[in-house]
Every structure is written in C-alpha cells, then in structure tokens.
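J.: Sharing protein-v9.cif here; it has mmCIF, C-alpha atoms.
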data_entry
#
loop_
_atom_site.label_atom_id
_atom_site.label_comp_id
_atom_site.auth_asym_id
_atom_site.auth_seq_id
_atom_site.Cartn_x
_atom_site.Cartn_y
_atom_site.Cartn_z
CA MET C 1 -24.11 -9.44 2.64
CA ARG C 2 -21.72 -7.82 0.19
CA ALA C 3 -18.89 -5.47 1.15
CA GLY C 4 -17.73 -2.68 -1.12
CA ILE C 5 -15.81 0.58 -1.17
CA ILE C 6 -18.14 3.57 -0.72
CA GLY C 7 -15.52 6.29 -0.22
CA ILE C 8 -11.86 6.86 -1.10
CA GLY C 9 -9.23 9.49 -0.34
CA SER C 10 -5.49 10.05 -0.52
CA PHE C 11 -3.00 12.57 0.78
CA LEU C 12 0.60 13.30 -0.22
CA PRO C 13 3.26 15.58 1.26
CA ASP C 14 4.00 18.74 -0.73
CA LYS C 15 7.76 18.24 -1.00
CA VAL C 16 8.85 16.55 -4.22
CA MET C 17 12.29 14.92 -4.33
CA PRO C 18 13.42 14.38 -7.94
CA ASN C 19 16.20 12.02 -8.93
CA SER C 20 18.46 15.02 -9.48
CA GLU C 21 18.40 15.64 -5.73
CA LEU C 22 19.44 12.05 -5.05
CA GLU C 23 22.38 12.51 -7.42
CA LYS C 24 23.75 14.99 -4.86
CA ILE C 25 23.33 12.57 -1.94
CA VAL C 26 24.58 9.20 -3.22
CA ASP C 27 26.56 7.85 -6.16
CA THR C 28 23.76 7.47 -8.70
CA THR C 29 22.27 9.13 -11.77
CA ASN C 30 18.80 9.98 -12.95
CA GLU C 31 19.27 7.70 -15.96
CA TRP C 32 20.28 4.72 -13.79
CA ILE C 33 17.31 5.18 -11.45
CA VAL C 34 14.80 5.51 -14.29
CA GLU C 35 16.18 2.50 -16.14
CA ARG C 36 16.23 0.25 -13.08
CA THR C 37 13.04 1.40 -11.34
CA GLY C 38 10.95 3.72 -13.50
CA ILE C 39 10.91 6.30 -10.69
CA LEU C 40 11.37 10.02 -11.44
CA ASN C 41 10.16 11.62 -8.21
CA ARG C 42 8.97 10.77 -4.74
CA ARG C 43 7.20 12.75 -1.97
CA ILE C 44 8.97 13.44 1.31
CA ALA C 45 7.18 14.42 4.53
CA GLN C 46 8.40 17.24 6.74
CA ALA C 47 10.42 16.29 9.82
CA HIS C 48 7.49 16.72 12.24
CA ILE C 49 5.04 14.63 10.17
CA SER C 50 4.29 11.01 11.08
CA SER C 51 2.38 8.23 9.34
CA SER C 52 -0.72 8.94 11.42
CA ASP C 53 -0.72 12.57 10.23
CA LEU C 54 -0.83 11.54 6.58
CA GLY C 55 -3.25 8.70 7.33
CA ALA C 56 -5.65 11.00 9.17
CA GLU C 57 -5.78 13.40 6.22
CA ALA C 58 -6.50 10.58 3.76
CA ALA C 59 -9.10 9.17 6.18
CA ARG C 60 -10.96 12.47 6.40
CA LEU C 61 -11.17 12.66 2.62
CA ALA C 62 -12.41 9.07 2.33
CA ILE C 63 -15.09 9.63 4.98
CA LYS C 64 -16.22 12.81 3.22
CA ASP C 65 -16.32 10.97 -0.11
CA ALA C 66 -18.56 8.34 1.51
CA ASN C 67 -20.93 11.09 2.72
CA LEU C 68 -20.35 10.01 6.30
CA LYS C 69 -19.11 11.63 9.49
CA ALA C 70 -16.20 10.41 11.59
CA GLU C 71 -18.56 9.16 14.29
CA ASP C 72 -20.18 6.87 11.70
CA ILE C 73 -16.99 4.80 11.48
CA ASP C 74 -17.22 1.58 13.52
CA MET C 75 -13.67 0.30 12.99
CA ILE C 76 -10.29 1.56 11.77
CA ILE C 77 -7.69 -0.78 10.30
CA SER C 78 -4.29 0.80 9.72
CA ALA C 79 -1.57 -0.77 7.58
CA SER C 80 1.91 0.71 7.74
CA SER C 81 5.53 -0.35 7.39
CA SER C 82 6.50 2.89 9.14
CA PRO C 83 4.05 3.23 12.05
CA ASP C 84 4.28 6.09 14.51
CA CYS C 85 5.62 3.65 17.12
CA THR C 86 5.50 -0.01 18.12
CA PHE C 87 2.54 0.77 20.36
CA PRO C 88 -0.02 2.23 20.65
CA ALA C 89 -1.43 1.23 17.29
CA THR C 90 -1.25 3.89 14.59
CA ALA C 91 -4.95 3.15 14.01
CA CYS C 92 -5.71 4.40 17.53
CA ILE C 93 -3.75 7.60 16.91
CA ILE C 94 -5.65 8.15 13.65
CA GLN C 95 -8.91 7.47 15.48
CA ASP C 96 -8.16 10.29 17.91
CA LYS C 97 -7.01 12.71 15.21
CA ILE C 98 -10.18 12.34 13.15
CA ARG C 99 -12.39 12.03 16.25
CA ALA C 100 -13.90 8.69 15.22
CA ILE C 101 -15.11 8.24 18.78
CA ASN C 102 -17.21 5.13 18.05
CA ALA C 103 -14.52 3.14 16.24
CA ALA C 104 -12.52 0.14 17.34
CA ALA C 105 -8.97 0.41 16.01
CA PHE C 106 -6.03 -1.87 15.31
CA ASP C 107 -2.98 -2.23 13.06
CA ILE C 108 -2.10 -4.85 10.47
CA GLN C 109 1.57 -5.52 9.69
CA ALA C 110 1.96 -7.07 6.26
CA ALA C 111 4.39 -4.49 4.85
CA CYS C 112 3.61 -3.56 1.24
CA THR C 113 0.74 -6.06 1.17
CA GLY C 114 -0.81 -4.39 4.21
CA PHE C 115 -3.61 -2.56 2.41
CA VAL C 116 -4.74 -5.74 0.62
CA TYR C 117 -4.69 -7.62 3.94
CA GLY C 118 -6.59 -4.76 5.58
CA LEU C 119 -9.20 -4.55 2.85
CA THR C 120 -9.77 -8.31 3.01
CA THR C 121 -10.13 -8.13 6.80
CA ALA C 122 -12.55 -5.20 6.61
CA ALA C 123 -14.74 -7.08 4.14
CA GLN C 124 -15.16 -9.96 6.60
CA PHE C 125 -16.46 -7.64 9.34
CA ILE C 126 -18.98 -6.14 6.91
CA MET C 127 -20.13 -9.43 5.40
CA THR C 128 -20.76 -10.97 8.82
CA GLY C 129 -22.81 -7.93 9.81
CA LYS C 130 -20.63 -7.20 12.83
CA TYR C 131 -19.76 -3.68 11.69
CA LYS C 132 -21.34 -1.16 9.33
CA ASN C 133 -18.53 1.18 8.23
CA VAL C 134 -14.87 0.13 8.34
CA LEU C 135 -12.07 2.56 7.49
CA VAL C 136 -8.92 1.03 5.98
CA VAL C 137 -5.83 3.26 5.91
CA GLY C 138 -2.45 2.69 4.29
CA SER C 139 -0.01 5.39 5.41
CA GLU C 140 3.76 5.65 5.21
CA VAL C 141 6.60 7.98 6.11
CA LEU C 142 9.29 5.68 4.75
CA SER C 143 11.75 8.55 4.37
CA LYS C 144 12.42 8.25 8.12
CA VAL C 145 13.40 4.57 7.91
CA THR C 146 15.30 4.83 4.62
CA ASP C 147 19.09 4.71 4.67
CA TRP C 148 20.06 7.75 2.65
CA GLN C 149 23.61 6.37 2.38
CA ASP C 150 22.45 3.19 0.61
CA ARG C 151 22.00 3.95 -3.08
CA ASN C 152 20.26 0.63 -3.72
CA THR C 153 17.32 1.39 -1.42
CA CYS C 154 17.12 5.16 -0.97
CA ILE C 155 16.11 5.65 -4.60
CA LEU C 156 12.98 3.55 -4.14
CA PHE C 157 10.84 4.90 -1.34
CA GLY C 158 8.43 7.77 -0.80
CA ASP C 159 5.80 9.03 1.65
CA GLY C 160 2.01 9.18 1.32
CA ALA C 161 -1.33 7.81 2.46
CA GLY C 162 -4.56 6.45 1.06
CA ALA C 163 -7.80 5.33 2.69
CA VAL C 164 -11.15 3.75 1.85
CA VAL C 165 -14.45 3.25 3.66
CA VAL C 166 -15.82 -0.29 3.32
CA SER C 167 -19.54 -0.79 3.87
CA GLN C 168 -22.42 -3.03 2.84
CA VAL C 169 -23.41 -2.73 -0.84
CA GLN C 170 -26.29 -4.21 -2.79
CA LYS C 171 -24.23 -5.65 -5.63
CA GLY C 172 -20.66 -5.89 -6.83
CA GLY C 173 -18.07 -4.78 -4.29
CA ILE C 174 -15.22 -6.95 -3.01
CA THR C 175 -15.97 -10.25 -4.69
CA THR C 176 -12.91 -12.43 -4.01
CA SER C 177 -9.50 -12.21 -2.37
CA PHE C 178 -6.39 -14.30 -1.96
CA LEU C 179 -3.65 -13.86 0.67
CA GLY C 180 -0.32 -15.61 1.10
CA ALA C 181 2.85 -15.57 3.19
CA ASP C 182 6.26 -17.25 3.44
CA GLY C 183 8.21 -16.39 6.57
CA SER C 184 11.27 -18.27 5.35
CA GLY C 185 12.03 -15.20 3.22
CA ALA C 186 11.78 -12.74 6.09
CA ASN C 187 15.43 -11.70 5.84
CA LEU C 188 15.12 -10.64 2.19
CA LEU C 189 13.39 -7.39 3.10
CA GLU C 190 13.47 -6.13 6.66
CA LEU C 191 14.05 -3.36 9.16
CA PRO C 192 16.25 -5.39 11.52
CA ALA C 193 16.58 -3.42 14.75
CA GLY C 194 14.22 -1.78 17.19
CA GLY C 195 12.26 -4.84 18.28
CA THR C 196 12.92 -7.52 20.87
CA LYS C 197 15.30 -9.43 18.59
CA GLU C 198 17.67 -6.45 18.22
CA PRO C 199 16.75 -3.82 20.80
CA ALA C 200 18.09 -0.35 20.12
CA ASP C 201 21.61 0.20 21.44
CA TYR C 202 24.83 1.90 20.39
CA ASP C 203 25.78 -0.86 17.96
CA THR C 204 22.41 -1.05 16.18
CA VAL C 205 22.50 2.69 15.60
CA LYS C 206 26.18 2.71 14.57
CA ASN C 207 25.62 -0.17 12.13
CA ARG C 208 22.51 1.50 10.65
CA ARG C 209 20.26 -1.42 11.60
CA HIS C 210 17.24 0.86 12.03
CA TYR C 211 16.88 1.33 8.27
CA ILE C 212 15.36 -0.79 5.50
CA LYS C 213 17.60 -3.62 4.26
CA MET C 214 16.80 -5.47 1.04
CA ASN C 215 18.16 -8.25 -1.15
CA GLY C 216 17.05 -6.65 -4.40
CA ASN C 217 17.59 -9.57 -6.78
CA GLU C 218 15.73 -12.09 -4.65
CA VAL C 219 12.88 -9.69 -3.91
CA PHE C 220 12.53 -9.00 -7.64
CA LYS C 221 12.19 -12.70 -8.50
CA PHE C 222 9.73 -13.26 -5.66
CA ALA C 223 7.62 -10.23 -6.61
CA VAL C 224 7.24 -11.16 -10.28
CA LYS C 225 6.26 -14.72 -9.36
CA VAL C 226 3.58 -13.84 -6.80
CA PHE C 227 2.24 -10.89 -8.83
CA GLU C 228 1.39 -13.36 -11.57
CA SER C 229 0.18 -16.22 -9.36
CA SER C 230 -1.96 -14.04 -7.07
CA THR C 231 -3.65 -12.37 -10.02
CA ARG C 232 -4.44 -15.69 -11.66
CA ARG C 233 -5.63 -17.19 -8.37
CA VAL C 234 -8.11 -14.42 -7.56
CA VAL C 235 -9.50 -14.43 -11.11
CA GLU C 236 -10.02 -18.20 -10.98
CA LYS C 237 -11.73 -17.94 -7.58
CA ALA C 238 -14.19 -15.49 -9.13
CA ASN C 239 -14.86 -17.84 -12.08
CA LEU C 240 -13.63 -15.17 -14.49
CA THR C 241 -10.79 -14.82 -16.98
CA LEU C 242 -8.25 -12.03 -17.38
CA ASP C 243 -10.27 -10.82 -20.37
CA ASP C 244 -13.02 -9.86 -17.89
CA ILE C 245 -10.69 -7.55 -15.95
CA ASP C 246 -10.86 -3.85 -16.78
CA LEU C 247 -7.88 -2.66 -14.72
CA ILE C 248 -5.08 -4.08 -12.58
CA ILE C 249 -3.69 -1.82 -9.84
CA PRO C 250 -0.44 -3.35 -8.59
CA HIS C 251 1.78 -2.38 -5.70
CA GLN C 252 3.98 0.37 -7.12
CA ALA C 253 7.42 -1.03 -6.32
CA ASN C 254 9.40 -1.12 -9.54
CA ILE C 255 8.45 -0.76 -13.19
CA ARG C 256 10.53 -3.81 -14.14
CA ILE C 257 8.50 -5.98 -11.74
CA ILE C 258 5.24 -4.70 -13.20
CA ASP C 259 6.41 -5.11 -16.81
CA ALA C 260 7.72 -8.64 -16.25
CA ALA C 261 4.57 -9.84 -14.45
CA VAL C 262 2.23 -8.25 -16.98
CA ARG C 263 4.11 -9.95 -19.83
CA ARG C 264 3.72 -13.31 -18.06
CA LEU C 265 0.00 -12.66 -17.68
CA LYS C 266 -0.25 -11.55 -21.33
CA PHE C 267 -2.35 -8.64 -20.04
CA PRO C 268 -2.47 -5.29 -21.89
CA ILE C 269 -0.15 -2.80 -20.17
CA GLU C 270 -2.58 0.02 -20.98
CA ARG C 271 -5.02 -1.63 -18.56
CA VAL C 272 -2.51 -1.50 -15.70
CA MET C 273 -2.42 1.55 -13.41
CA VAL C 274 1.12 2.84 -12.95
CA ASN C 275 2.04 6.02 -11.05
CA LEU C 276 5.31 5.02 -9.37
CA ASP C 277 7.18 7.46 -11.62
CA LYS C 278 5.67 10.27 -9.54
CA TYR C 279 5.66 8.77 -6.05
CA GLY C 280 8.05 5.82 -5.84
CA ASN C 281 7.35 2.88 -3.55
CA MET C 282 4.94 3.96 -0.79
CA SER C 283 4.52 0.45 0.61
CA SER C 284 1.01 0.02 2.05
CA ALA C 285 -0.05 3.42 0.70
CA SER C 286 0.83 2.74 -2.93
CA ILE C 287 -2.32 0.83 -3.94
CA PRO C 288 -4.93 3.14 -2.35
CA VAL C 289 -3.14 6.23 -3.71
CA ALA C 290 -2.98 4.67 -7.20
CA MET C 291 -6.62 3.58 -6.96
CA HIS C 292 -7.75 7.08 -5.98
CA GLU C 293 -5.73 8.57 -8.82
CA ALA C 294 -7.25 6.08 -11.27
CA VAL C 295 -10.73 7.15 -10.12
CA ARG C 296 -9.91 10.83 -10.60
CA MET C 297 -8.46 10.13 -14.05
CA GLY C 298 -11.59 8.25 -15.14
CA LYS C 299 -9.73 4.95 -15.47
CA ILE C 300 -12.28 3.28 -13.17
CA LYS C 301 -16.01 3.43 -13.88
CA LYS C 302 -18.97 1.99 -12.02
CA GLY C 303 -19.26 -1.72 -12.77
CA ASP C 304 -15.61 -2.13 -13.74
CA LYS C 305 -13.81 -5.20 -12.47
CA ILE C 306 -10.44 -4.30 -11.00
CA ILE C 307 -7.70 -6.30 -9.32
CA LEU C 308 -5.49 -4.97 -6.55
CA VAL C 309 -2.32 -7.07 -6.27
CA ALA C 310 0.50 -6.61 -3.77
CA PHE C 311 3.69 -8.22 -2.49
CA GLY C 312 6.12 -7.28 0.25
CA ALA C 313 8.18 -8.07 3.30
CA GLY C 314 7.20 -11.05 5.36
CA LEU C 315 7.24 -12.35 2.75
CA THR C 316 3.58 -11.54 2.03
CA TRP C 317 1.41 -11.26 -1.03
CA GLY C 318 -2.23 -11.07 -2.02
CA ALA C 319 -4.87 -9.87 -4.45
CA VAL C 320 -8.43 -8.56 -4.24
CA LEU C 321 -11.00 -8.47 -7.03
CA ILE C 322 -13.49 -5.62 -6.85
CA GLU C 323 -16.55 -4.77 -8.92
CA TRP C 324 -16.50 -0.99 -8.57
CA ASN C 325 -19.53 0.60 -6.89
CA LEU C 326 -18.81 4.33 -7.01
#
Would you write out, as structure tokens, the structure that this file holds?
T.:
Amino acid sequence: MRAGIIGIGSFLPDKVMPNSELEKIVDTTNEWIVERTGILNRRIAQAHISSSDLGAEAARLAIKDANLKAEDIDMIISASSSPDCTFPATACIIQDKIRAINAAAFDIQAACTGFVYGLTTAAQFIMTGKYKNVLVVGSEVLSKVTDWQDRNTCILFGDGAGAVVVSQVQKGGITTSFLGADGSGANLLELPAGGTKEPADYDTVKNRRHYIKMNGNEVFKFAVKVFESSTRRVVEKANLTLDDIDLIIPHQANIRIIDAAVRRLKFPIERVMVNLDKYGNMSSASIPVAMHEAVRMGKIKKGDKIILVAFGAGLTWGAVLIEWNL
C-alpha cells in the first residue's frame, strides 16, 4: 500500500506583529532582525487561544479538502512544541473539538521536526493497512512560551497551525523518509522548567525558566549540517538525484540557515519554498503552513516531487520525499 496526502489546511491568527512593534519591546531594530533572520512579521494568537484551537481549525480545513467528514478520521497525530498542557494529549483535545469520534489520538514531541516525524508515523499506519485516514496536525502558540525580554529569541517565533489527511493512494505519495536525533545536544534549545526535572516553583518563574532558551550559534551550525545531510539522504533512499526534485519545503527557522544549506546542496533557491518573512518560526506548524501556501500559489502540481526537511530541539531532524497526489 502507498500512503499520500489527500487533504491539506492551515490556519493563522489575525494579529500581525511587525518588527516595528518589537522595536518598542526590546533593544533591536527592523534592519537587524531582517539581516539576521529574514523575518518581517509574525502572527500572534489572542490570550484565550491555545494550540488546540488553531490545530482544530487547520484540521477542519484539511478534512474538508479531503472530501471527508470528521467521523471518517481513524487517528489524530498532533505535533507541538507548545501543547495545551503536559496531559491530556493535545491530539485528544483536537479530537473533541472537531468531533472526530472514531479517532485514536496521541501527541508526538520532536519540536520543530514534529510534523515530519508525525507524517512519517502516519504513513506507517496507512501502509500496514491498520488505519484508513490519519490526520496529522502541527500547531503552535509559541508566543506564550517566548521570553519577550530576550531579544535573541523573541524576534524569531510566531503562532499558527497546519494539518494534512494521510490516506491510501494508488501511486506516488510519501515515497521515502529519514529521521534522526542526538540527545547530547538537548541543552542547545530547550524550555527548561515545568517538567519533573525542574517543577514549577517560585525560582523557576523568577528566573524565567518557563520560556524558550537557545544557543543560537550552535543551533545554526547544527541546522545547516542536518538540512543538507537529511535532504541528500532521503533523495538517495529514493534512488533519485536533486535534479529530480521540483521543490524543497524546509522548516522556516531562519533565512541564513536556508541560504547556507541550499548553497551546500547547489540547489536553485527559486525551487525552495520560503515564507518565514511573513510568519517567523512556527516550529511544527511551519512546514504544513508553507506547504499549503505553496499549493495555493501553484508552486506544487500533481506529480511533483517535493522534499520536506526539518530540524529542531532534541536535537531532532528529518526529511520526507513526496510525489504530490492532489
């Protein structure tokens, strides 16, 4: 059996935060942010909105695009670096909100690589015949775990959600994937407190340990390296070359990471989907949102071979090669 994407949707908060607004919050400038990251704007969810709210909206659109109903979904896999809570799973909350009453539901935690991990997992359930329609959701409200006093990280992140329905297809679909991890780099990008290692107390709150912490230089070097290696690995597994690839959709973290990796690959930048200037880094949501936007823009056509490549906290990384079905 082959597994492929038969429906896609995305949802973004209405509020746009431009760099000029950040200039009023921290010691930074629009020029510095653009030069270092390529980001102009990001979306910010309202105070009462959670990751499951955005994820449910994207899920509804993906299910509609697949010409299915919520009760047709057999399984929901949610990937988020900013889940509603430690438990229950955000996937279960999304299941209830969209009334997918026949779906099993669970979360995957692979940070910014979460959607790629989730898509790879969904494909296995389809290819074994265990499930018929699997919904994969990447949803983030990173604005609530961003330290708005830290100018090195607060400029990067935004909120949003994307979702796909994975089902059996006759040809094409998800052809190959490659996943990796290196826990020795866990401290390079983390949200330290709130778990059993550093339970919430006065000191963790006072010391701002409930916000994203990042070693930017080390993460940059790691990201460029695995962007290139993961892309090459998944192409080789498919017995193809980079010349066969119509579009690469990378995790939208930083334009310098994308530029550096694409130069190493000697791949045409015009065949790389980039929308981080509008949305910033949306972690697990960045790839499905970019993929949906590429579809709407006509950058992806039926039969195109596309690569999704991601990297993030964990450290984790991975790539998926898809022959587009829609």
J.: Between CA of Asp159 (chain C) and CA of Ala290 (chain C), what is the distance in Å, rounded to a tenth?
T.: 13.2 Å
J.: Find the residues with any atom within 12 Å of (5.8, 2.3, 17.1); use all atoms listed in the file and the coordinates as given in the file, and write the answer as a PyMOL selection string.
T.: chain C and resi 50-52+80-93+107+109+194-195
J.: Run the PyMOL selection byres ((chain C and resi 172-178) around 9) against the file shown and list the residues it catches, as a PyMOL selection string.
T.: chain C and resi 2-5+116+119-120+123+168-171+179-180+230-231+233-235+237-238+303+305+317-325
J.: Since I can't run it myself right now, could you work out what the PyMOL selection byres ((chain C and resi 268-276) around 7) selects here and report it as a list in words?
T.: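 Checked against the file, the PyMOL selection byres ((chain C and resi 268-276) around 7) matches Ile39, Asp246, Leu247, Ile248, Ile249, Gln252, Val262, Lys266, Phe267, Asp277, Lys278, Tyr279, Gly280, Asn281, Ala290 and Ala294 of chain C.
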J.: Using all atoms listed in the file, find all polymer residues with an atom at most 6 Å away from the point (18.1, -4.3, 8.8); report them as a PyMOL selection string.
T.: chain C and resi 190-192+209+211-213
J.: What lies within 12 Å of Ile63 (chain C) using all atoms listed in the file, ignoring chain neighbours under 4 positions off, as a PyMOL selection string?
T.: chain C and resi 5-10+56-59+67-74+76+98-100+133-137+162-167
J.: Between CA of Asp259 (chain C) and CA of Ser229 (chain C), what distance in Å does the model show, to one decimal?
T.: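 That distance, rounded to one decimal, is 14.8 Å.
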J.: Determine, counting only C-alpha atoms, which protein, DNA and RNA residues have an atom within 6 Å of an atom of Pro250 (chain C); residues of the same chain fewer than 2 positions away are not included. Present the result as an mmCIF file with C-alpha atoms, in the frame of the given file.
T.:
data_model
loop_
_atom_site.group_PDB
_atom_site.id
_atom_site.type_symbol
_atom_site.label_atom_id
_atom_site.label_comp_id
_atom_site.auth_asym_id
_atom_site.auth_seq_id
_atom_site.Cartn_x
_atom_site.Cartn_y
_atom_site.Cartn_z
ATOM 1 C CA GLN C 252 3.980 0.370 -7.120
ATOM 2 C CA LEU C 308 -5.490 -4.970 -6.550
ATOM 3 C CA VAL C 309 -2.320 -7.070 -6.270
ATOM 4 C CA ALA C 310 0.500 -6.610 -3.770
#
J.: Would you kindly return, as number ranges by chain, each protein, DNA or RNA residue with an atom no farther than 10 Å from any atom of Lys221 (chain C), considering all atoms listed in the file and excluding same-chain residues fewer than 4 positions away?
T.: C: 216-217, 225-226, 257, 260
J.: What is the distance, in Å and to one decimal place, between CA of Val289 (chain C) and CA of Phe115 (chain C)?
T.: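 Taking CA of Val289 (chain C) as the start and CA of Phe115 (chain C) as the end point, the length is 10.7 Å.
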J.: For Asp182 (chain C), which residue among C:Ala110, C:Ile126, C:Leu326, C:Val26 is the nearest when counting only C-alpha atoms?
T.: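 Among the listed residues, the smallest separation from Asp182 (chain C) belongs to C:Ala110.
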J.: Considering all atoms listed in the file, state which residue in the set C:Leu315, C:Ala104, C:Ile300, C:Leu156 is at the smallest distance from Gly38 (chain C).
T.: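 Once distances to Gly38 (chain C) are computed over all atoms listed in the file, the minimum belongs to C:Leu156.
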J.: Can you tell me which residues surround Lys24 (chain C) at a distance of at most 12 Å, considering all atoms listed in the file, apart from same-chain residues fewer than 5 positions away, and format the answer as a ChimeraX atom specification?
T.: /C:17-19,29-30,148-149,151
J.: Have a look at C:Thr128, C:Asn41, C:Gln95, C:Asn239 and name the one nearest to Val16 (chain C); count only C-alpha atoms.
T.: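 Once distances to Val16 (chain C) are computed over only C-alpha atoms, the minimum belongs to C:Asn41.
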J.: Nearest to Phe125 (chain C): which of C:Gly138, C:Met1, C:Leu61, C:Leu240 is it, counting only C-alpha atoms?
T.: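 Selected residue with least distance to Phe125 (chain C): C:Met1.
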